[in-house]
$ cat query_13.cif   # mmCIF, C-alpha atoms
data_entry
#
loop_
_atom_site.label_atom_id
_atom_site.label_comp_id
_atom_site.auth_asym_id
_atom_site.auth_seq_id
_atom_site.Cartn_x
_atom_site.Cartn_y
_atom_site.Cartn_z
CA MET A 1 60.07 103.27 20.08
CA ASN A 2 61.02 105.50 22.97
CA GLU A 3 64.47 104.92 24.35
CA LEU A 4 64.98 104.51 28.09
CA ALA A 5 66.12 107.71 29.72
CA ILE A 6 69.44 107.31 31.44
CA PRO A 7 69.94 109.84 34.24
CA GLU A 8 73.03 111.87 34.00
CA PRO A 9 75.61 111.12 36.71
CA GLN A 10 75.75 113.63 39.51
CA SER A 11 78.87 115.61 40.04
CA LEU A 12 80.82 115.23 43.26
CA GLU A 13 79.84 118.73 44.29
CA THR A 14 76.15 117.94 43.78
CA TRP A 15 76.41 114.67 45.76
CA LEU A 16 78.18 116.40 48.61
CA ASP A 17 75.57 119.16 48.67
CA GLY A 18 72.77 116.56 48.79
CA HIS A 19 74.28 114.25 51.43
CA ILE A 20 76.88 116.14 53.43
CA GLY A 21 75.45 119.63 53.22
CA PRO A 22 72.48 119.02 55.54
CA TRP A 23 74.85 117.55 58.10
CA MET A 24 77.21 120.50 58.24
CA GLY A 25 75.33 122.39 60.92
CA SER A 26 74.96 119.31 63.12
CA MET A 27 78.60 118.36 62.60
CA VAL A 28 79.77 121.81 63.60
CA ALA A 29 77.54 121.73 66.70
CA ALA A 30 78.83 118.27 67.59
CA ALA A 31 82.44 119.38 67.11
CA VAL A 32 81.91 122.35 69.41
CA ALA A 33 80.21 120.12 71.97
CA LEU A 34 83.07 117.59 71.81
CA THR A 35 85.65 120.35 72.29
CA VAL A 36 83.79 121.72 75.28
CA ALA A 37 83.43 118.21 76.70
CA LEU A 38 87.18 117.53 76.41
CA ALA A 39 88.03 120.87 78.01
CA ALA A 40 85.54 120.29 80.83
CA HIS A 41 86.94 116.80 81.40
CA GLY A 42 90.48 118.11 81.67
CA VAL A 43 89.53 120.89 84.09
CA LEU A 44 87.36 118.57 86.18
CA TYR A 45 90.01 115.89 86.63
CA ALA A 46 92.76 118.40 87.28
CA ALA A 47 90.66 119.79 90.13
CA LEU A 48 89.72 116.30 91.37
CA GLY A 49 93.37 115.22 91.33
CA ARG A 50 94.28 118.03 93.71
CA PHE A 51 91.19 117.58 95.86
CA VAL A 52 91.69 113.85 96.55
CA ARG A 53 95.46 114.00 96.98
CA GLY A 54 96.48 111.88 99.97
CA SER A 55 93.27 109.80 99.98
CA ALA A 56 93.74 106.21 98.84
CA VAL A 57 90.06 105.82 97.92
CA GLY A 58 89.86 109.18 96.14
CA GLU A 59 93.05 108.68 94.15
CA SER A 60 91.98 105.19 93.11
CA LEU A 61 88.53 106.47 92.09
CA VAL A 62 89.96 109.33 90.01
CA ARG A 63 92.58 107.10 88.42
CA GLY A 64 90.07 104.40 87.52
CA THR A 65 87.38 106.67 86.07
CA ARG A 66 89.56 109.07 84.07
CA MET A 67 89.34 107.20 80.76
CA PRO A 68 85.68 106.06 80.88
CA THR A 69 84.46 109.51 81.91
CA ARG A 70 86.30 111.02 78.95
CA TRP A 71 84.40 108.75 76.59
CA ALA A 72 81.16 109.38 78.46
CA MET A 73 81.54 113.16 78.18
CA LEU A 74 82.44 112.86 74.48
CA ALA A 75 79.37 110.73 73.88
CA LEU A 76 77.20 113.20 75.79
CA GLY A 77 78.67 116.06 73.76
CA ALA A 78 77.94 114.25 70.50
CA LEU A 79 74.41 113.51 71.73
CA LEU A 80 73.82 117.18 72.56
CA GLY A 81 75.16 118.15 69.16
CA LEU A 82 72.67 115.84 67.43
CA GLU A 83 69.71 117.02 69.49
CA GLY A 84 69.34 120.18 67.42
CA ALA A 85 69.52 118.35 64.08
CA PRO A 86 66.37 118.33 61.87
CA ALA A 87 64.24 115.22 62.19
CA ASP A 88 64.24 114.70 58.39
CA LEU A 89 68.02 114.77 58.16
CA PRO A 90 69.26 111.74 56.15
CA GLY A 91 70.59 109.03 58.51
CA ILE A 92 69.79 110.97 61.67
CA GLY A 93 67.86 108.05 63.19
CA PRO A 94 70.67 105.44 63.09
CA ALA A 95 73.25 108.06 64.09
CA HIS A 96 71.20 109.14 67.09
CA GLN A 97 70.62 105.51 68.10
CA PHE A 98 74.34 104.75 67.88
CA VAL A 99 75.30 107.76 69.98
CA VAL A 100 72.69 106.88 72.62
CA LEU A 101 74.05 103.34 72.86
CA LEU A 102 77.58 104.71 73.04
CA THR A 103 76.55 107.07 75.84
CA ILE A 104 74.89 104.30 77.86
CA GLY A 105 77.88 102.02 77.36
CA ALA A 106 80.31 104.74 78.44
CA LEU A 107 78.24 105.55 81.54
CA THR A 108 78.06 101.84 82.44
CA TRP A 109 81.82 101.57 82.00
CA THR A 110 82.26 104.64 84.21
CA ALA A 111 80.06 103.10 86.92
CA LEU A 112 82.02 99.84 86.81
CA ARG A 113 85.35 101.64 87.05
CA ALA A 114 84.05 103.82 89.87
CA VAL A 115 82.96 100.79 91.88
CA HIS A 116 86.26 99.05 91.20
CA GLY A 117 88.21 102.19 92.08
CA VAL A 118 86.48 102.62 95.42
CA GLY A 119 86.97 98.93 96.23
CA THR A 120 90.66 99.04 95.28
CA GLY A 121 91.21 102.16 97.38
CA VAL A 122 89.59 100.60 100.43
CA LEU A 123 91.61 97.39 100.03
CA ASP A 124 94.87 99.31 99.62
CA GLY A 125 94.26 100.96 102.98
CA TYR A 126 94.21 97.55 104.71
CA ARG A 127 96.69 95.65 102.56
CA ASP A 128 99.66 96.13 104.87
CA SER A 129 97.78 96.04 108.18
CA ASP A 130 99.58 94.67 111.23
CA ILE A 131 98.47 91.78 113.42
CA ALA A 132 96.49 94.03 115.76
CA ASP A 133 94.26 95.13 112.89
CA GLU A 134 94.00 91.68 111.31
CA TYR A 135 90.34 91.06 112.07
CA GLN A 136 89.24 94.57 111.17
CA ALA A 137 91.18 94.29 107.90
CA ARG A 138 89.62 90.92 107.06
CA ARG A 139 86.14 92.24 107.82
CA VAL A 140 86.63 95.28 105.58
CA ARG A 141 88.20 93.22 102.79
CA THR A 142 85.28 90.78 102.81
CA GLN A 143 82.64 93.49 102.78
CA THR A 144 84.44 95.45 100.07
CA ARG A 145 84.91 92.55 97.69
CA VAL A 146 81.39 91.19 98.04
CA LEU A 147 79.71 94.60 97.76
CA THR A 148 81.95 95.56 94.83
CA ARG A 149 80.94 92.47 92.87
CA ILE A 150 77.25 92.99 93.64
CA ALA A 151 77.41 96.66 92.65
CA GLY A 152 79.26 95.79 89.44
CA PHE A 153 76.69 93.15 88.55
CA LEU A 154 73.85 95.63 89.13
CA ALA A 155 75.60 98.30 87.04
CA VAL A 156 76.02 95.92 84.09
CA THR A 157 72.42 94.73 84.41
CA VAL A 158 71.04 98.27 84.43
CA GLY A 159 73.27 99.25 81.50
CA ILE A 160 72.18 96.31 79.34
CA ALA A 161 68.54 96.93 80.22
CA ALA A 162 68.87 100.60 79.31
CA MET A 163 70.45 99.69 75.95
CA LEU A 164 67.69 97.22 75.15
CA MET A 165 65.00 99.75 76.04
CA THR A 166 66.26 102.10 73.33
CA PHE A 167 64.97 99.69 70.67
CA PRO A 168 61.21 100.03 70.09
CA ALA A 169 60.88 96.38 69.07
CA VAL A 170 62.37 95.23 72.34
CA ARG A 171 60.04 97.50 74.30
CA GLN A 172 57.05 96.01 72.52
CA ILE A 173 58.25 92.48 73.15
CA GLY A 174 58.81 93.30 76.79
CA ALA A 175 55.34 94.81 77.11
CA SER A 176 53.72 91.78 75.50
CA MET A 177 55.72 89.45 77.74
CA LEU A 178 54.62 91.38 80.81
CA ALA A 179 51.00 91.36 79.63
CA SER A 180 51.05 87.58 79.13
CA ALA A 181 53.34 86.73 82.04
CA GLY A 182 51.28 83.87 83.55
CA VAL A 183 53.10 80.57 83.68
CA ALA A 184 56.11 81.93 81.80
CA GLY A 185 56.68 84.47 84.55
CA LEU A 186 56.52 81.75 87.18
CA VAL A 187 59.00 79.61 85.26
CA VAL A 188 61.44 82.49 84.82
CA GLY A 189 61.07 83.44 88.47
CA PHE A 190 61.68 79.87 89.59
CA ALA A 191 64.71 79.59 87.30
CA ALA A 192 66.16 82.86 88.63
CA ARG A 193 65.54 81.94 92.26
CA PRO A 194 68.99 80.38 92.91
CA VAL A 195 70.76 83.38 91.41
CA LEU A 196 68.70 85.87 93.38
CA ALA A 197 69.08 83.80 96.55
CA ASN A 198 72.86 83.80 96.18
CA LEU A 199 72.93 87.55 95.50
CA LEU A 200 70.85 88.25 98.60
CA ALA A 201 73.00 85.83 100.59
CA GLY A 202 76.10 87.70 99.41
CA LEU A 203 74.62 90.98 100.61
CA GLN A 204 73.71 89.41 103.96
CA ILE A 205 77.20 87.92 104.35
CA ALA A 206 78.77 91.30 103.59
CA LEU A 207 76.68 92.98 106.27
CA THR A 208 76.52 90.35 109.03
CA GLN A 209 79.96 88.73 108.47
CA PRO A 210 79.33 85.06 109.34
CA ILE A 211 82.46 84.35 107.30
CA ARG A 212 85.42 86.47 106.25
CA ILE A 213 88.27 85.96 103.84
CA GLY A 214 90.93 83.99 105.70
CA ASP A 215 88.56 82.40 108.23
CA VAL A 216 89.20 78.78 109.21
CA VAL A 217 86.00 76.80 108.69
CA ILE A 218 84.68 73.26 108.57
CA VAL A 219 82.20 72.84 105.71
CA GLU A 220 80.80 69.50 104.60
CA LYS A 221 83.27 67.82 107.01
CA GLU A 222 86.16 69.52 105.22
CA TRP A 223 88.65 71.71 107.13
CA GLY A 224 90.04 74.69 105.29
CA TRP A 225 90.30 78.45 104.82
CA ILE A 226 87.94 80.91 103.12
CA GLU A 227 90.02 81.83 100.09
CA GLN A 228 87.64 83.88 97.92
CA ILE A 229 84.08 85.19 98.22
CA PHE A 230 82.42 85.85 94.87
CA SER A 231 78.95 87.18 94.10
CA THR A 232 77.34 83.71 94.00
CA TYR A 233 79.80 81.24 95.57
CA VAL A 234 82.67 80.86 98.03
CA VAL A 235 85.98 79.08 97.43
CA VAL A 236 87.27 77.14 100.46
CA ARG A 237 90.93 76.07 100.29
CA VAL A 238 91.04 72.66 101.96
CA TRP A 239 94.09 71.69 104.04
CA ASP A 240 95.38 69.34 101.30
CA GLU A 241 95.29 72.16 98.66
CA ARG A 242 91.94 71.11 97.17
CA ARG A 243 89.34 73.79 96.49
CA LEU A 244 85.76 73.39 97.75
CA VAL A 245 83.27 75.58 95.86
CA VAL A 246 80.20 76.32 98.00
CA PRO A 247 77.14 78.44 97.04
CA LEU A 248 76.77 81.59 99.09
CA ASN A 249 73.34 80.71 100.41
CA TYR A 250 74.82 77.54 101.98
CA PHE A 251 76.38 79.69 104.71
CA ILE A 252 72.97 81.24 105.43
CA GLU A 253 70.84 78.08 105.36
CA HIS A 254 73.17 75.43 106.86
CA PRO A 255 75.24 75.26 110.05
CA PHE A 256 79.02 75.26 109.72
CA GLN A 257 82.02 75.71 112.02
CA ASN A 258 83.99 78.96 111.98
CA TRP A 259 87.12 78.58 114.08
CA THR A 260 88.17 82.23 113.72
CA ARG A 261 84.86 84.08 114.06
CA ASP A 262 86.00 86.38 116.89
CA SER A 263 89.51 85.12 117.55
CA SER A 264 91.95 82.69 115.97
CA GLN A 265 93.02 81.26 119.34
CA LEU A 266 92.12 77.60 119.84
CA ILE A 267 92.40 74.89 122.48
CA GLY A 268 93.49 71.51 121.20
CA SER A 269 93.04 68.15 122.91
CA VAL A 270 95.21 65.03 122.89
CA HIS A 271 93.86 61.66 124.14
CA TRP A 272 95.67 58.44 124.96
CA TRP A 273 95.17 55.32 127.10
CA VAL A 274 97.42 54.08 129.92
CA ASP A 275 97.32 51.37 132.55
CA TYR A 276 95.58 51.97 135.89
CA ARG A 277 98.91 51.88 137.72
CA MET A 278 100.41 54.78 135.72
CA PRO A 279 101.35 57.69 138.05
CA LEU A 280 100.01 61.06 136.80
CA ALA A 281 102.52 63.43 138.40
CA PRO A 282 105.39 62.54 136.02
CA LEU A 283 103.03 62.91 133.05
CA ARG A 284 101.96 66.41 134.16
CA THR A 285 105.60 67.40 134.57
CA GLU A 286 106.46 66.06 131.12
CA LEU A 287 103.48 67.84 129.55
CA GLU A 288 104.63 71.13 131.03
CA ARG A 289 108.16 70.56 129.73
CA LEU A 290 106.93 69.72 126.23
CA CYS A 291 104.72 72.83 126.11
CA ASN A 292 107.58 75.08 127.20
CA LEU A 293 109.73 73.68 124.39
CA ALA A 294 106.98 73.93 121.75
CA PRO A 295 107.07 77.15 119.64
CA GLU A 296 103.38 76.67 118.82
CA TRP A 297 102.23 77.00 122.46
CA ASP A 298 100.89 80.46 123.40
CA LYS A 299 101.25 79.86 127.18
CA ARG A 300 97.53 80.25 127.88
CA LEU A 301 96.64 76.68 128.88
CA GLN A 302 98.21 73.28 129.50
CA LEU A 303 96.24 70.73 131.49
CA LEU A 304 96.22 66.95 132.02
CA GLN A 305 93.02 65.18 133.12
CA VAL A 306 91.62 61.66 133.43
CA VAL A 307 88.48 61.71 131.29
CA ASP A 308 87.50 58.02 131.17
CA ALA A 309 88.11 54.78 133.03
CA GLY A 310 87.42 51.55 131.18
CA ASP A 311 87.61 47.94 132.26
CA ARG A 312 91.22 47.63 131.13
CA ALA A 313 92.76 51.15 131.06
CA VAL A 314 92.17 54.83 131.80
CA GLN A 315 91.96 57.57 129.19
CA LEU A 316 93.97 60.75 129.67
CA ARG A 317 93.36 64.08 127.96
CA ALA A 318 95.80 66.93 127.57
CA LEU A 319 94.46 70.39 126.77
CA VAL A 320 96.89 72.82 125.14
CA SER A 321 96.32 76.24 123.60
CA ALA A 322 97.68 77.76 120.38
CA PRO A 323 97.29 81.10 118.56
CA ASP A 324 95.62 79.64 115.47
CA ALA A 325 94.27 76.43 113.95
CA ALA A 326 97.39 75.44 112.03
CA LYS A 327 99.64 75.79 115.09
CA ALA A 328 97.07 74.02 117.25
CA TRP A 329 97.25 70.98 114.95
CA ASP A 330 101.06 70.96 115.00
CA LEU A 331 101.08 71.38 118.78
CA ARG A 332 98.69 68.46 119.27
CA CYS A 333 100.89 66.22 117.14
CA ARG A 334 104.00 67.37 119.01
CA ILE A 335 102.43 66.67 122.43
CA ARG A 336 101.06 63.29 121.33
CA GLU A 337 104.44 62.15 120.02
CA GLY A 338 106.33 63.51 123.05
CA MET A 339 104.07 61.88 125.63
CA LEU A 340 104.12 58.56 123.79
CA ASP A 341 107.93 58.65 123.66
CA PHE A 342 108.10 59.52 127.37
CA ILE A 343 105.84 56.63 128.42
CA GLN A 344 107.67 54.15 126.20
CA ARG A 345 111.02 55.28 127.57
CA GLU A 346 110.27 55.76 131.27
CA TYR A 347 107.13 53.70 132.00
CA PRO A 348 106.74 51.03 129.34
CA GLN A 349 105.16 48.65 131.88
CA PHE A 350 102.18 51.00 132.26
CA LEU A 351 101.08 50.97 128.64
CA PRO A 352 97.61 49.41 128.12
CA GLN A 353 97.79 45.64 128.48
CA ILE A 354 95.54 42.63 128.91
CA ARG A 355 96.03 40.80 132.23
CA ALA A 356 95.62 37.05 132.79
CA GLU A 357 95.42 36.23 136.50
CA PRO A 358 97.00 32.85 137.50
CA ALA A 359 94.65 30.22 138.94
CA THR A 360 94.73 29.67 142.75
CA ASP A 361 95.86 26.35 144.30
CA LYS A 362 92.34 25.37 145.40
CA ALA A 363 90.96 26.03 141.96
CA SER A 364 93.70 23.89 140.43
CA ALA A 365 93.03 21.07 142.90
CA ALA A 366 89.33 21.16 142.17
CA PHE A 367 90.09 21.03 138.46
CA ASP A 368 92.37 18.03 139.00
CA ILE A 369 89.68 16.17 140.98
CA VAL A 370 87.13 16.81 138.27
#
$ encode --input "query_13.cif" --output "structure tokens"
Amino acid sequence: MNELAIPEPQSLETWLDGHIGPWMGSMVAAAVALTVALAAHGVLYAALGRFVRGSAVGESLVRGTRMPTRWAMLALGALLGLEGAPADLPGIGPAHQFVVLLTIGALTWTALRAVHGVGTGVLDGYRDSDIADEYQARRVRTQTRVLTRIAGFLAVTVGIAAMLMTFPAVRQIGASMLASAGVAGLVVGFAARPVLANLLAGLQIALTQPIRIGDVVIVEKEWGWIEQIFSTYVVVRVWDERRLVVPLNYFIEHPFQNWTRDSSQLIGSVHWWVDYRMPLAPLRTELERLCNLAPEWDKRLQLLQVVDAGDRAVQLRALVSAPDAAKAWDLRCRIREGMLDFIQREYPQFLPQIRAEPATDKASAAFDIV
């Protein structure tokens, strides 16, 4: 009987020659490419650092992209080093695939950091703006944040799509899905419609500015401030510290009130009822005195008018102006309380009342006869 032949174990030198030897040329080329990439990165960013000195956007961009670009250039160097490797080199396929994925990931990271760096630089330029530049600063902040989020989302989407397209199986699945789109395509399109609508609404809001961060708005009968604008929704901080989350396309498709669209100045109104016999001159004098004492009044308008006359009393309206919505509310409350105190103290007999006229003598006599 023939005995089974047992192969002799290979020596370490033989194993290295069979597995590592073919890689030596590619490894040397990759090492040279990595060294050149690191040197080029250092020279490039040293030059960029001097070139953008004094620019908030440029410095933020250079600072944010320094690390991701280093990895991107290293990945590109490794990819160039593998390009000259023989196609039959052991393990060249998985290694090349890994380096390609690493390159795409590093480039996507670089794009994200570049977008974030530009946005941060623009925001830093308006962070300490004075009151005169308030509206310009709010407009720029809103546009920057919305566009930054949209650009970041697109960069990630393109990066993931590019990674998936490097796998042949995924490309075949995608081709077959496109060939047999039919109802499935309609379903996917219908499911993605809200997301796409909100993204397009975000782009429209960034360009046309119907709302800005810090605007005072009334949405769904809630009064509050625009606190944050994200890529698909807006956070409204309600006056009682609640947060109202509203989809972006709501501000495109539905009417809403923006109290600070062009200016934060507002005119507030105060209504109350008094008796017909109430003299108006003392009330106008008292209104003027209260406005002069109120720190919320901006000295633009103070006016007292009779706006209604009912069967029992007349309605008065005071119009007062304030620099913003919060002060307008406080001023209205101050004027309402002050006028009520004045009438109660000086003219209590002219508060609204129900009269009962006494019967005449003839009417009483007729009643007695009956």
$ closest_residue --input "query_13.cif" --among "A:Thr69, A:Asp215, A:Arg63, A:Thr232" --to "Val146 (chain A)" --atoms "all atoms listed in the file"
A:Thr232
$ residues_around --input "query_13.cif" --residues "region 339-355 of chain A" --least-positions-apart "5" --cutoff "8 Å" --atoms "all atoms listed in the file" --output "PyMOL selection string"
chain A and resi 273-278+283+286-287+312-313
$ residues_around --input "query_13.cif" --residues "Leu331 (chain A)" --least-positions-apart "5" --cutoff "8 Å" --atoms "only C-alpha atoms" --output "mmCIF file with C-alpha atoms, in the frame of the given file"
data_model
loop_
_atom_site.group_PDB
_atom_site.id
_atom_site.type_symbol
_atom_site.label_atom_id
_atom_site.label_comp_id
_atom_site.auth_asym_id
_atom_site.auth_seq_id
_atom_site.Cartn_x
_atom_site.Cartn_y
_atom_site.Cartn_z
ATOM 1 C CA GLY A 268 93.490 71.510 121.200
ATOM 2 C CA ALA A 294 106.980 73.930 121.750
ATOM 3 C CA GLU A 296 103.380 76.670 118.820
ATOM 4 C CA TRP A 297 102.230 77.000 122.460
ATOM 5 C CA VAL A 320 96.890 72.820 125.140
ATOM 6 C CA ALA A 322 97.680 77.760 120.380
#
$ resolve_selection --input "query_13.cif" --expression "the PyMOL selection byres ((chain A and resi 97-112) around 8)" --output "list of chain:residue names"
A:Thr65, A:Pro68, A:Thr69, A:Trp71, A:Ala72, A:Ala75, A:Leu76, A:Ala78, A:Leu79, A:Gly93, A:Pro94, A:Ala95, A:His96, A:Arg113, A:Ala114, A:Val115, A:His116, A:Gly152, A:Ala155, A:Val156, A:Gly159, A:Ala162, A:Met163, A:Thr166
$ atom_distance --input "query_13.cif" --atom1 "CA of Val122 (chain A)" --atom2 "CA of Leu61 (chain A)"
10.3 Å
$ atom_distance --input "query_13.cif" --atom1 "CA of Gly224 (chain A)" --atom2 "CA of Gln315 (chain A)"
29.5 Å
$ atom_distance --input "query_13.cif" --atom1 "CA of Leu304 (chain A)" --atom2 "CA of Arg289 (chain A)"
12.7 Å
$ closest_residue --input "query_13.cif" --among "A:Arg139, A:Arg242, A:Arg66, A:Arg53" --to "Ile205 (chain A)" --atoms "all atoms listed in the file"
A:Arg139
$ residues_near_point --input "query_13.cif" --point "(96.1, 74.9, 123.4)" --cutoff "12 Å" --atoms "only C-alpha atoms" --output "JSON, numbers by chain"
{"A": [264, 265, 266, 267, 268, 269, 270, 287, 291, 294, 295, 296, 297, 298, 299, 300, 301, 302, 303, 304, 318, 319, 320, 321, 322, 323, 324, 325, 326, 327, 328, 329, 330, 331, 332, 333, 334, 335]}
$ closest_residue --input "query_13.cif" --among "A:Ala33, A:Val62, A:Leu74, A:Val216" --to "Ala46 (chain A)" --atoms "all atoms listed in the file"
A:Val62
$ closest_residue --input "query_13.cif" --among "A:Leu280, A:Arg149, A:Val219, A:Leu200" --to "Leu248 (chain A)" --atoms "only C-alpha atoms"
A:Leu200
$ resolve_selection --input "query_13.cif" --expression "the PyMOL selection byres ((chain A and resi 234) around 7)" --output "list in words"
Gln228, Ile229, Phe230, Tyr233, Val235, Val236, Val245, Val246, Pro247 and Leu248 of chain A
$ closest_residue --input "query_13.cif" --among "A:Gln204, A:Gln209, A:Thr148, A:Asn292" --to "Thr260 (chain A)" --atoms "only C-alpha atoms"
A:Gln209
$ closest_residue --input "query_13.cif" --among "A:Pro255, A:Gly338, A:Gly42, A:Pro282" --to "Arg70 (chain A)" --atoms "all atoms listed in the file"
A:Gly42
$ resolve_selection --input "query_13.cif" --expression "the PyMOL selection byres ((chain A and resi 60) around 7)" --output "ChimeraX atom specification"
/A:56-59,61-64,117-118,120-121
$ residues_around --input "query_13.cif" --residues "Gln257 (chain A)" --least-positions-apart "4" --cutoff "12 Å" --atoms "all atoms listed in the file" --output "number ranges by chain"
A: 210-211, 215-226, 251, 261
$ write_last_selection --input "query_13.cif" --atoms "C-alpha atoms" --output "mmCIF file, in the frame of the given file"
data_model
loop_
_atom_site.group_PDB
_atom_site.id
_atom_site.type_symbol
_atom_site.label_atom_id
_atom_site.label_comp_id
_atom_site.auth_asym_id
_atom_site.auth_seq_id
_atom_site.Cartn_x
_atom_site.Cartn_y
_atom_site.Cartn_z
ATOM 1 C CA PRO A 210 79.330 85.060 109.340
ATOM 2 C CA ILE A 211 82.460 84.350 107.300
ATOM 3 C CA ASP A 215 88.560 82.400 108.230
ATOM 4 C CA VAL A 216 89.200 78.780 109.210
ATOM 5 C CA VAL A 217 86.000 76.800 108.690
ATOM 6 C CA ILE A 218 84.680 73.260 108.570
ATOM 7 C CA VAL A 219 82.200 72.840 105.710
ATOM 8 C CA GLU A 220 80.800 69.500 104.600
ATOM 9 C CA LYS A 221 83.270 67.820 107.010
ATOM 10 C CA GLU A 222 86.160 69.520 105.220
ATOM 11 C CA TRP A 223 88.650 71.710 107.130
ATOM 12 C CA GLY A 224 90.040 74.690 105.290
ATOM 13 C CA TRP A 225 90.300 78.450 104.820
ATOM 14 C CA ILE A 226 87.940 80.910 103.120
ATOM 15 C CA PHE A 251 76.380 79.690 104.710
ATOM 16 C CA ARG A 261 84.860 84.080 114.060
#
